[in-house]
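Note: the block below is protein.cif and it holds mmCIF, C-alpha atoms, pLDDT in the B column; chains and numbers go by the auth columns.
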data_query
#
loop_
_atom_site.group_PDB
_atom_site.id
_atom_site.type_symbol
_atom_site.label_atom_id
_atom_site.label_comp_id
_atom_site.label_asym_id
_atom_site.label_seq_id
_atom_site.Cartn_x
_atom_site.Cartn_y
_atom_site.Cartn_z
_atom_site.B_iso_or_equiv
_atom_site.auth_seq_id
_atom_site.auth_asym_id
ATOM 1 C CA MET A 1 -23.206 35.850 9.840 44.00 1 A
ATOM 2 C CA ASN A 2 -23.341 32.721 12.003 48.00 2 A
ATOM 3 C CA PHE A 3 -25.634 31.022 9.486 40.00 3 A
ATOM 4 C CA LEU A 4 -23.310 31.932 6.634 44.00 4 A
ATOM 5 C CA GLY A 5 -20.399 30.649 8.638 49.00 5 A
ATOM 6 C CA VAL A 6 -22.109 27.313 9.201 41.00 6 A
ATOM 7 C CA LEU A 7 -22.891 27.020 5.478 37.00 7 A
ATOM 8 C CA THR A 8 -19.277 27.745 4.648 42.00 8 A
ATOM 9 C CA CYS A 9 -18.040 25.057 7.041 43.00 9 A
ATOM 10 C CA VAL A 10 -20.501 22.515 5.647 37.00 10 A
ATOM 11 C CA SER A 11 -19.423 23.329 2.077 37.00 11 A
ATOM 12 C CA VAL A 12 -15.776 22.858 3.010 38.00 12 A
ATOM 13 C CA LEU A 13 -16.516 19.514 4.674 36.00 13 A
ATOM 14 C CA LEU A 14 -18.531 18.289 1.686 36.00 14 A
ATOM 15 C CA ALA A 15 -15.756 19.320 -0.695 36.00 15 A
ATOM 16 C CA ALA A 16 -13.198 17.484 1.436 39.00 16 A
ATOM 17 C CA ALA A 17 -15.401 14.387 1.541 37.00 17 A
ATOM 18 C CA SER A 18 -15.876 14.393 -2.228 39.00 18 A
ATOM 19 C CA THR A 19 -12.130 14.582 -2.820 47.00 19 A
ATOM 20 C CA GLN A 20 -11.665 11.535 -0.575 71.00 20 A
ATOM 21 C CA ALA A 21 -14.245 9.421 -2.398 82.00 21 A
ATOM 22 C CA PRO A 22 -12.757 6.404 -4.233 88.00 22 A
ATOM 23 C CA LYS A 23 -11.819 7.182 -7.824 89.00 23 A
ATOM 24 C CA HIS A 24 -11.811 5.033 -10.946 92.00 24 A
ATOM 25 C CA CYS A 25 -8.186 4.066 -11.311 94.00 25 A
ATOM 26 C CA VAL A 26 -5.655 2.391 -13.577 92.00 26 A
ATOM 27 C CA SER A 27 -3.040 -0.073 -12.312 95.00 27 A
ATOM 28 C CA PRO A 28 0.688 0.557 -12.802 95.00 28 A
ATOM 29 C CA PRO A 29 1.589 0.062 -16.485 95.00 29 A
ATOM 30 C CA LEU A 30 4.023 -2.834 -16.030 96.00 30 A
ATOM 31 C CA MET A 31 3.220 -5.557 -13.510 96.00 31 A
ATOM 32 C CA SER A 32 3.938 -9.237 -12.888 95.00 32 A
ATOM 33 C CA GLY A 33 2.169 -11.467 -10.407 95.00 33 A
ATOM 34 C CA GLN A 34 0.367 -14.726 -9.756 94.00 34 A
ATOM 35 C CA PHE A 35 -3.260 -15.814 -9.769 92.00 35 A
ATOM 36 C CA THR A 36 -5.722 -18.510 -8.784 89.00 36 A
ATOM 37 C CA LEU A 37 -8.858 -19.217 -10.831 87.00 37 A
ATOM 38 C CA MET A 38 -12.013 -20.889 -9.524 84.00 38 A
ATOM 39 C CA ALA A 39 -14.852 -21.531 -11.931 73.00 39 A
ATOM 40 C CA GLY A 40 -18.332 -22.988 -11.636 66.00 40 A
ATOM 41 C CA ASN A 41 -18.730 -25.172 -8.576 68.00 41 A
ATOM 42 C CA GLY A 42 -15.018 -25.256 -7.837 63.00 42 A
ATOM 43 C CA VAL A 43 -14.182 -28.389 -9.827 61.00 43 A
ATOM 44 C CA TYR A 44 -11.958 -26.472 -12.254 61.00 44 A
ATOM 45 C CA LEU A 45 -9.019 -24.800 -10.574 68.00 45 A
ATOM 46 C CA SER A 46 -5.944 -23.220 -12.124 80.00 46 A
ATOM 47 C CA THR A 47 -3.009 -21.280 -10.751 85.00 47 A
ATOM 48 C CA GLY A 48 -0.197 -19.575 -12.548 88.00 48 A
ATOM 49 C CA SER A 49 1.645 -16.386 -13.399 92.00 49 A
ATOM 50 C CA ILE A 50 0.495 -13.268 -15.180 93.00 50 A
ATOM 51 C CA SER A 51 2.299 -10.268 -16.630 95.00 51 A
ATOM 52 C CA SER A 52 0.719 -7.078 -17.935 95.00 52 A
ATOM 53 C CA ASP A 53 1.880 -4.311 -20.257 95.00 53 A
ATOM 54 C CA ALA A 54 -0.630 -1.443 -20.191 93.00 54 A
ATOM 55 C CA PHE A 55 1.394 0.583 -22.707 93.00 55 A
ATOM 56 C CA GLY A 56 0.827 -2.005 -25.410 93.00 56 A
ATOM 57 C CA LYS A 57 -2.395 -3.409 -23.903 94.00 57 A
ATOM 58 C CA ARG A 58 -0.909 -6.902 -23.729 95.00 58 A
ATOM 59 C CA MET A 59 -1.017 -9.716 -21.177 95.00 59 A
ATOM 60 C CA ARG A 60 0.752 -13.064 -20.888 95.00 60 A
ATOM 61 C CA VAL A 61 -0.843 -15.771 -18.774 93.00 61 A
ATOM 62 C CA ARG A 62 0.872 -19.031 -17.912 89.00 62 A
ATOM 63 C CA ASN A 63 -1.233 -21.360 -15.843 80.00 63 A
ATOM 64 C CA ASN A 64 -1.500 -24.878 -14.562 75.00 64 A
ATOM 65 C CA VAL A 65 -5.017 -26.278 -14.782 65.00 65 A
ATOM 66 C CA MET A 66 -5.675 -28.706 -11.934 59.00 66 A
ATOM 67 C CA VAL A 67 -7.786 -31.751 -12.855 55.00 67 A
ATOM 68 C CA GLY A 68 -7.951 -34.167 -9.950 58.00 68 A
ATOM 69 C CA ASN A 69 -4.349 -34.812 -8.889 58.00 69 A
ATOM 70 C CA GLN A 70 -2.878 -33.825 -12.258 58.00 70 A
ATOM 71 C CA SER A 71 -2.063 -30.487 -13.858 59.00 71 A
ATOM 72 C CA THR A 72 -1.872 -29.336 -17.482 63.00 72 A
ATOM 73 C CA GLY A 73 0.196 -26.319 -18.518 69.00 73 A
ATOM 74 C CA ILE A 74 -1.448 -23.696 -20.736 76.00 74 A
ATOM 75 C CA ASP A 75 0.039 -20.511 -22.131 88.00 75 A
ATOM 76 C CA GLU A 76 -1.879 -17.536 -23.561 92.00 76 A
ATOM 77 C CA LEU A 77 -0.722 -14.280 -25.074 96.00 77 A
ATOM 78 C CA MET A 78 -3.538 -11.712 -25.153 96.00 78 A
ATOM 79 C CA LEU A 79 -3.214 -8.717 -27.484 96.00 79 A
ATOM 80 C CA PHE A 80 -6.118 -6.427 -26.657 95.00 80 A
ATOM 81 C CA ASN A 81 -5.189 -3.849 -29.311 94.00 81 A
ATOM 82 C CA GLU A 82 -5.458 -6.539 -31.983 95.00 82 A
ATOM 83 C CA GLU A 83 -8.535 -8.126 -30.363 96.00 83 A
ATOM 84 C CA ALA A 84 -6.799 -11.497 -30.608 96.00 84 A
ATOM 85 C CA TYR A 85 -5.060 -14.022 -28.406 96.00 85 A
ATOM 86 C CA TYR A 86 -2.648 -16.874 -28.967 96.00 86 A
ATOM 87 C CA GLU A 87 -3.231 -20.263 -27.381 93.00 87 A
ATOM 88 C CA ILE A 88 0.269 -21.722 -27.169 92.00 88 A
ATOM 89 C CA ASN A 89 0.930 -25.426 -26.641 87.00 89 A
ATOM 90 C CA TRP A 90 4.599 -26.003 -25.866 85.00 90 A
ATOM 91 C CA LYS A 91 4.106 -29.759 -25.574 83.00 91 A
ATOM 92 C CA THR A 92 3.054 -30.139 -29.211 87.00 92 A
ATOM 93 C CA ILE A 93 4.842 -26.982 -30.451 90.00 93 A
ATOM 94 C CA SER A 94 1.584 -25.695 -31.881 90.00 94 A
ATOM 95 C CA CYS A 95 -0.342 -22.447 -31.754 93.00 95 A
ATOM 96 C CA LYS A 96 -3.867 -21.163 -32.341 94.00 96 A
ATOM 97 C CA LYS A 97 -4.831 -17.541 -32.908 96.00 97 A
ATOM 98 C CA LYS A 98 -8.362 -16.636 -31.842 96.00 98 A
ATOM 99 C CA GLN A 99 -10.555 -13.573 -31.650 96.00 99 A
ATOM 100 C CA LEU A 100 -10.671 -11.751 -28.296 95.00 100 A
ATOM 101 C CA ASP A 101 -13.301 -9.464 -26.818 92.00 101 A
ATOM 102 C CA SER A 102 -11.314 -6.449 -25.597 89.00 102 A
ATOM 103 C CA SER A 103 -14.215 -4.494 -24.102 85.00 103 A
ATOM 104 C CA PHE A 104 -13.008 -5.225 -20.552 84.00 104 A
ATOM 105 C CA ILE A 105 -9.307 -5.111 -19.687 87.00 105 A
ATOM 106 C CA PRO A 106 -8.883 -6.362 -16.114 89.00 106 A
ATOM 107 C CA MET A 107 -6.026 -4.056 -15.078 91.00 107 A
ATOM 108 C CA HIS A 108 -8.176 -0.967 -14.506 92.00 108 A
ATOM 109 C CA VAL A 109 -11.507 0.100 -13.066 93.00 109 A
ATOM 110 C CA PRO A 110 -13.817 0.898 -16.019 91.00 110 A
ATOM 111 C CA GLU A 111 -15.240 4.412 -16.151 91.00 111 A
ATOM 112 C CA ASP A 112 -18.800 3.072 -16.025 92.00 112 A
ATOM 113 C CA ALA A 113 -18.115 0.873 -12.974 95.00 113 A
ATOM 114 C CA ARG A 114 -20.184 1.692 -9.902 96.00 114 A
ATOM 115 C CA LEU A 115 -18.792 1.780 -6.398 96.00 115 A
ATOM 116 C CA MET A 116 -20.125 -0.924 -4.101 95.00 116 A
ATOM 117 C CA GLY A 117 -18.144 0.212 -1.081 95.00 117 A
ATOM 118 C CA GLN A 118 -14.806 0.762 0.602 95.00 118 A
ATOM 119 C CA VAL A 119 -13.600 -1.572 3.345 94.00 119 A
ATOM 120 C CA ILE A 120 -10.451 -2.731 5.082 94.00 120 A
ATOM 121 C CA MET A 121 -9.425 -6.288 4.305 90.00 121 A
ATOM 122 C CA GLY A 122 -7.938 -7.558 7.528 91.00 122 A
ATOM 123 C CA SER A 123 -7.845 -5.250 10.546 89.00 123 A
ATOM 124 C CA SER A 124 -7.377 -1.526 11.119 87.00 124 A
ATOM 125 C CA SER A 125 -6.330 -2.060 14.744 89.00 125 A
ATOM 126 C CA SER A 126 -2.648 -1.682 14.024 87.00 126 A
ATOM 127 C CA TRP A 127 -0.288 -0.665 11.238 84.00 127 A
ATOM 128 C CA GLY A 128 0.209 -3.370 8.585 82.00 128 A
ATOM 129 C CA MET A 129 -2.756 -5.525 9.632 89.00 129 A
ATOM 130 C CA GLY A 130 -5.086 -4.507 6.824 91.00 130 A
ATOM 131 C CA VAL A 131 -5.429 -3.115 3.307 93.00 131 A
ATOM 132 C CA LEU A 132 -7.904 -0.414 2.290 95.00 132 A
ATOM 133 C CA VAL A 133 -9.769 -1.628 -0.803 96.00 133 A
ATOM 134 C CA ASN A 134 -12.589 -0.495 -3.090 97.00 134 A
ATOM 135 C CA THR A 135 -15.176 -2.850 -4.559 97.00 135 A
ATOM 136 C CA TRP A 136 -16.651 -1.960 -7.944 97.00 136 A
ATOM 137 C CA TYR A 137 -19.333 -3.625 -10.043 96.00 137 A
ATOM 138 C CA GLY A 138 -20.827 -3.356 -13.514 94.00 138 A
ATOM 139 C CA THR A 139 -22.095 -5.178 -16.576 92.00 139 A
ATOM 140 C CA LEU A 140 -20.349 -6.955 -19.447 89.00 140 A
ATOM 141 C CA PRO A 141 -21.440 -7.730 -23.010 84.00 141 A
ATOM 142 C CA ASN A 142 -23.474 -10.906 -23.620 82.00 142 A
ATOM 143 C CA ASN A 143 -25.481 -10.553 -20.387 87.00 143 A
ATOM 144 C CA GLY A 144 -22.436 -10.662 -18.137 89.00 144 A
ATOM 145 C CA SER A 145 -21.819 -8.920 -14.829 94.00 145 A
ATOM 146 C CA TYR A 146 -18.791 -8.457 -12.599 94.00 146 A
ATOM 147 C CA SER A 147 -17.479 -7.190 -9.304 95.00 147 A
ATOM 148 C CA THR A 148 -13.841 -6.379 -8.717 96.00 148 A
ATOM 149 C CA VAL A 149 -11.672 -5.349 -5.767 97.00 149 A
ATOM 150 C CA PHE A 150 -8.755 -2.921 -6.125 97.00 150 A
ATOM 151 C CA SER A 151 -6.495 -1.533 -3.435 96.00 151 A
ATOM 152 C CA GLU A 152 -7.081 2.148 -2.666 96.00 152 A
ATOM 153 C CA ILE A 153 -3.325 2.808 -2.630 94.00 153 A
ATOM 154 C CA GLY A 154 -1.622 1.854 -5.872 94.00 154 A
ATOM 155 C CA CYS A 155 -4.746 0.561 -7.660 96.00 155 A
ATOM 156 C CA ILE A 156 -3.564 -3.032 -7.385 96.00 156 A
ATOM 157 C CA PRO A 157 -6.117 -5.640 -8.612 96.00 157 A
ATOM 158 C CA MET A 158 -6.976 -8.259 -5.998 96.00 158 A
ATOM 159 C CA THR A 159 -10.084 -10.217 -6.976 95.00 159 A
ATOM 160 C CA TYR A 160 -12.571 -10.452 -9.826 94.00 160 A
ATOM 161 C CA SER A 161 -15.925 -12.225 -9.824 93.00 161 A
ATOM 162 C CA VAL A 162 -17.550 -12.534 -13.243 92.00 162 A
ATOM 163 C CA HIS A 163 -20.913 -14.103 -14.061 91.00 163 A
ATOM 164 C CA TYR A 164 -22.347 -15.264 -17.376 88.00 164 A
ATOM 165 C CA PRO A 165 -25.546 -17.298 -17.793 87.00 165 A
ATOM 166 C CA GLN A 166 -23.659 -19.923 -19.821 81.00 166 A
ATOM 167 C CA THR A 167 -20.682 -20.290 -17.452 80.00 167 A
ATOM 168 C CA GLY A 168 -21.924 -19.312 -14.006 85.00 168 A
ATOM 169 C CA TRP A 169 -19.455 -17.604 -11.693 88.00 169 A
ATOM 170 C CA ILE A 170 -15.749 -17.266 -12.488 87.00 170 A
ATOM 171 C CA THR A 171 -13.579 -16.032 -9.611 91.00 171 A
ATOM 172 C CA LEU A 172 -10.019 -14.824 -10.134 91.00 172 A
ATOM 173 C CA SER A 173 -7.730 -13.926 -7.223 93.00 173 A
ATOM 174 C CA THR A 174 -4.381 -12.230 -7.834 95.00 174 A
ATOM 175 C CA TYR A 175 -1.441 -11.789 -5.475 95.00 175 A
ATOM 176 C CA ASN A 176 2.338 -11.318 -5.176 96.00 176 A
ATOM 177 C CA TRP A 177 2.316 -8.422 -7.633 96.00 177 A
ATOM 178 C CA VAL A 178 5.602 -6.679 -8.365 96.00 178 A
ATOM 179 C CA LEU A 179 6.128 -3.615 -10.545 95.00 179 A
ATOM 180 C CA GLY A 180 7.827 -4.229 -13.859 93.00 180 A
ATOM 181 C CA ASN A 181 8.201 -7.113 -16.300 88.00 181 A
ATOM 182 C CA VAL A 182 11.098 -9.538 -16.248 82.00 182 A
ATOM 183 C CA ASN A 183 11.041 -10.588 -19.902 86.00 183 A
ATOM 184 C CA PRO A 184 9.934 -8.156 -22.657 86.00 184 A
ATOM 185 C CA MET A 185 9.688 -11.108 -25.066 89.00 185 A
ATOM 186 C CA ASP A 186 6.650 -12.318 -23.123 91.00 186 A
ATOM 187 C CA TYR A 187 4.537 -10.126 -25.381 95.00 187 A
ATOM 188 C CA HIS A 188 5.698 -11.614 -28.659 94.00 188 A
ATOM 189 C CA PRO A 189 4.327 -14.920 -29.980 94.00 189 A
ATOM 190 C CA PRO A 190 6.878 -17.722 -30.468 92.00 190 A
ATOM 191 C CA PHE A 191 8.158 -18.443 -33.977 93.00 191 A
ATOM 192 C CA PHE A 192 5.786 -21.346 -34.603 93.00 192 A
ATOM 193 C CA CYS A 193 2.795 -19.000 -34.220 93.00 193 A
ATOM 194 C CA GLN A 194 3.666 -16.983 -37.325 90.00 194 A
ATOM 195 C CA LYS A 195 1.480 -19.071 -39.629 90.00 195 A
ATOM 196 C CA ALA A 196 -1.498 -19.210 -37.269 93.00 196 A
ATOM 197 C CA LYS A 197 -4.638 -17.759 -38.863 94.00 197 A
ATOM 198 C CA LEU A 198 -7.201 -15.833 -36.874 95.00 198 A
ATOM 199 C CA GLU A 199 -10.239 -17.892 -35.897 94.00 199 A
ATOM 200 C CA VAL A 200 -13.305 -15.631 -35.872 92.00 200 A
ATOM 201 C CA SER A 201 -16.236 -16.204 -33.504 87.00 201 A
ATOM 202 C CA ASP A 202 -19.745 -14.759 -33.294 86.00 202 A
ATOM 203 C CA MET A 203 -19.228 -14.356 -29.527 85.00 203 A
ATOM 204 C CA PRO A 204 -15.485 -13.900 -28.937 89.00 204 A
ATOM 205 C CA PRO A 205 -14.323 -14.702 -25.405 88.00 205 A
ATOM 206 C CA ASN A 206 -12.835 -12.147 -23.031 90.00 206 A
ATOM 207 C CA PHE A 207 -9.968 -12.495 -20.580 90.00 207 A
ATOM 208 C CA PHE A 208 -12.075 -14.414 -18.050 87.00 208 A
ATOM 209 C CA THR A 209 -13.948 -16.729 -20.394 85.00 209 A
ATOM 210 C CA VAL A 210 -10.691 -17.662 -22.152 87.00 210 A
ATOM 211 C CA LEU A 211 -9.289 -18.990 -18.873 81.00 211 A
ATOM 212 C CA HIS A 212 -12.581 -20.720 -18.072 76.00 212 A
ATOM 213 C CA SER A 213 -12.909 -22.438 -21.458 75.00 213 A
ATOM 214 C CA LEU A 214 -9.325 -23.683 -21.355 71.00 214 A
ATOM 215 C CA ALA A 215 -9.932 -25.194 -17.919 61.00 215 A
ATOM 216 C CA LEU A 216 -12.961 -27.024 -19.327 61.00 216 A
ATOM 217 C CA GLN A 217 -10.965 -28.144 -22.348 63.00 217 A
ATOM 218 C CA SER A 218 -8.204 -29.544 -20.165 56.00 218 A
ATOM 219 C CA LYS A 219 -10.692 -31.577 -18.166 52.00 219 A
ATOM 220 C CA LYS A 220 -12.160 -33.064 -21.366 54.00 220 A
ATOM 221 C CA ASP A 221 -8.683 -33.982 -22.571 54.00 221 A
ATOM 222 C CA GLU A 222 -7.986 -36.041 -19.465 51.00 222 A
#

Would you give me this structure, written as structure tokens?
Amino acid sequence: MNFLGVLTCVSVLLAAASTQAPKHCVSPPLMSGQFTLMAGNGVYLSTGSISSDAFGKRMRVRNNVMVGNQSTGIDELMLFNEEAYYEINWKTISCKKKQLDSSFIPMHVPEDARLMGQVIMGSSSSWGMGVLVNTWYGTLPNNGSYSTVFSEIGCIPMTYSVHYPQTGWITLSTYNWVLGNVNPMDYHPPFFCQKAKLEVSDMPPNFFTVLHSLALQSKKDE
């Protein structure tokens, strides 16, 4: 009976431990926040705002690409359901519509992601000094790989590190997230985008490589 009792206790403990293991999660459906992008060796740096609508699988990114002491504003509307994104230039009142790789949407932990570990960012010595986070990693199409950090409570995205042979590392940090979207019209292209025709690519960019390529483009334009 003692042996059976021990086995029962062990089974209960293992079941409790398995229920506490980090789970693949999805962020809140409507969120708005800010981000900082670092690409390559750190020469290309952009900061800006981001809003996400998980219901419609849409994101709006407004960023300022820093080139030396100057910045260039860039606006993108990403429609993952349509596998397309709009590159909006308010300075010239022009718009381009391009193909988008929607295989990785950054506002959730993919089902095939593997857990790297769970840690506390900051300190656990006192209440409010740290945040419990989970780090996940996996592969992307076109020989890409990634690691991403989400908060254990709320499934809030914090950082992404993406690597492609042709681009090197791309690091995206997000912060100041709030639940909800301020302007529903963020997910509709402006009127001058109506005549934009879809530009098809053999290797369409994803969320990360779009931001990276626009940073490179801004530097060339200087």

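With distances restricted to only C-alpha atoms, A:Tyr164 is the closest residue to A:Asn142 from A:Phe104, A:Tyr164, A:Tyr85, A:Phe35.
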
request  = List the residues selected by the PyMOL selection byres ((chain A and resi 167-180) around 6) in the file shown, writing them as a list in words.
outcome  = Leu30, Met31, Ser32, Gly33, Gln34, Phe35, Thr36, Leu37, Met38, Ala39, Gly40, Met158, Thr159, Tyr160, Ser161, Val162, His163, Tyr164, Pro165, Gln166 and Asn181 of chain A

query = Taking (-13.5, 5.5, -8.6) in the file's coordinates, which residues come within 10 Å, counting all atoms listed in the file, written as an MDAnalysis selection string?
reply = chainID A and resid 21:26 109:115 134:136 150 152

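Taking atom CA of A:Phe191 and atom CA of A:Ser213 as the two end points, the separation is 24.8 Å.
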
Run the PyMOL selection byres ((chain A and resi 59) around 8) mentally over the shown coordinates, then write out the matched residues as a PDB file with C-alpha atoms, in the frame of the given file, using the chain letters and numbers from the document.
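Once written, out16.pdb looks like this:
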ATOM      1  CA  ILE A  50       0.495 -13.268 -15.180  1.00 93.00           C
ATOM      2  CA  SER A  51       2.299 -10.268 -16.630  1.00 95.00           C
ATOM      3  CA  SER A  52       0.719  -7.078 -17.935  1.00 95.00           C
ATOM      4  CA  ASP A  53       1.880  -4.311 -20.257  1.00 95.00           C
ATOM      5  CA  LYS A  57      -2.395  -3.409 -23.903  1.00 94.00           C
ATOM      6  CA  ARG A  58      -0.909  -6.902 -23.729  1.00 95.00           C
ATOM      7  CA  ARG A  60       0.752 -13.064 -20.888  1.00 95.00           C
ATOM      8  CA  VAL A  61      -0.843 -15.771 -18.774  1.00 93.00           C
ATOM      9  CA  LEU A  77      -0.722 -14.280 -25.074  1.00 96.00           C
ATOM     10  CA  MET A  78      -3.538 -11.712 -25.153  1.00 96.00           C
ATOM     11  CA  LEU A  79      -3.214  -8.717 -27.484  1.00 96.00           C
ATOM     12  CA  TYR A 187       4.537 -10.126 -25.381  1.00 95.00           C
TER      13      TYR A 187
END

ask   = So what do you get for atom CA of A:Pro190 versus atom CA of A:Pro28, distance-wise?
value = 26.2 Å

ask   = In terms of the shortest atom-to-atom distance over all atoms listed in the file, which of A:Thr92, A:Ser151, A:Asn206, A:Thr47 is closest to A:Phe192?
value = A:Thr92

remark   = Counting all atoms listed in the file, the residue among A:Met107, A:Met203, A:Ile88, A:Ile74 that lies closest to A:Ala54 is A:Met107

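Note on the selection: in this file the PyMOL selection byres ((chain A and resi 91) around 12) comes out as Thr72, Gly73, Ile74, Asp75, Ile88, Asn89, Trp90, Thr92, Ile93, Ser94 and Cys95 of chain A.
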
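Proximity to A:Ser103 was assessed for A:Pro184, A:Gly144, A:Pro189, A:Pro29 counting all atoms listed in the file; the smallest distance is recorded for A:Gly144.
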
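For the pair atom CA of A:Ser46 and atom CA of A:Phe208, the interatomic distance is 12.3 Å.
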
Put the listed atoms of stretch 19-36 of chain A in a box along x, y and z with 4 Å added on every side and give me the centre and edge lengths in Å to one decimal, as lines of an AutoDock Vina configuration file.
center_x = -5.1
center_y = -2.0
center_z = -8.5
size_x = 26.3
size_y = 41.1
size_z = 23.9

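For the set A:Val133, A:Pro157, A:Leu100, A:Asn143, the residue with the smallest atom-to-atom gap to A:Ser201 is A:Leu100, counting all atoms listed in the file.
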
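Distance check against A:Lys197 using only C-alpha atoms: of A:Gln99, A:His108, A:Leu132, A:Cys155, the minimum falls on A:Gln99.
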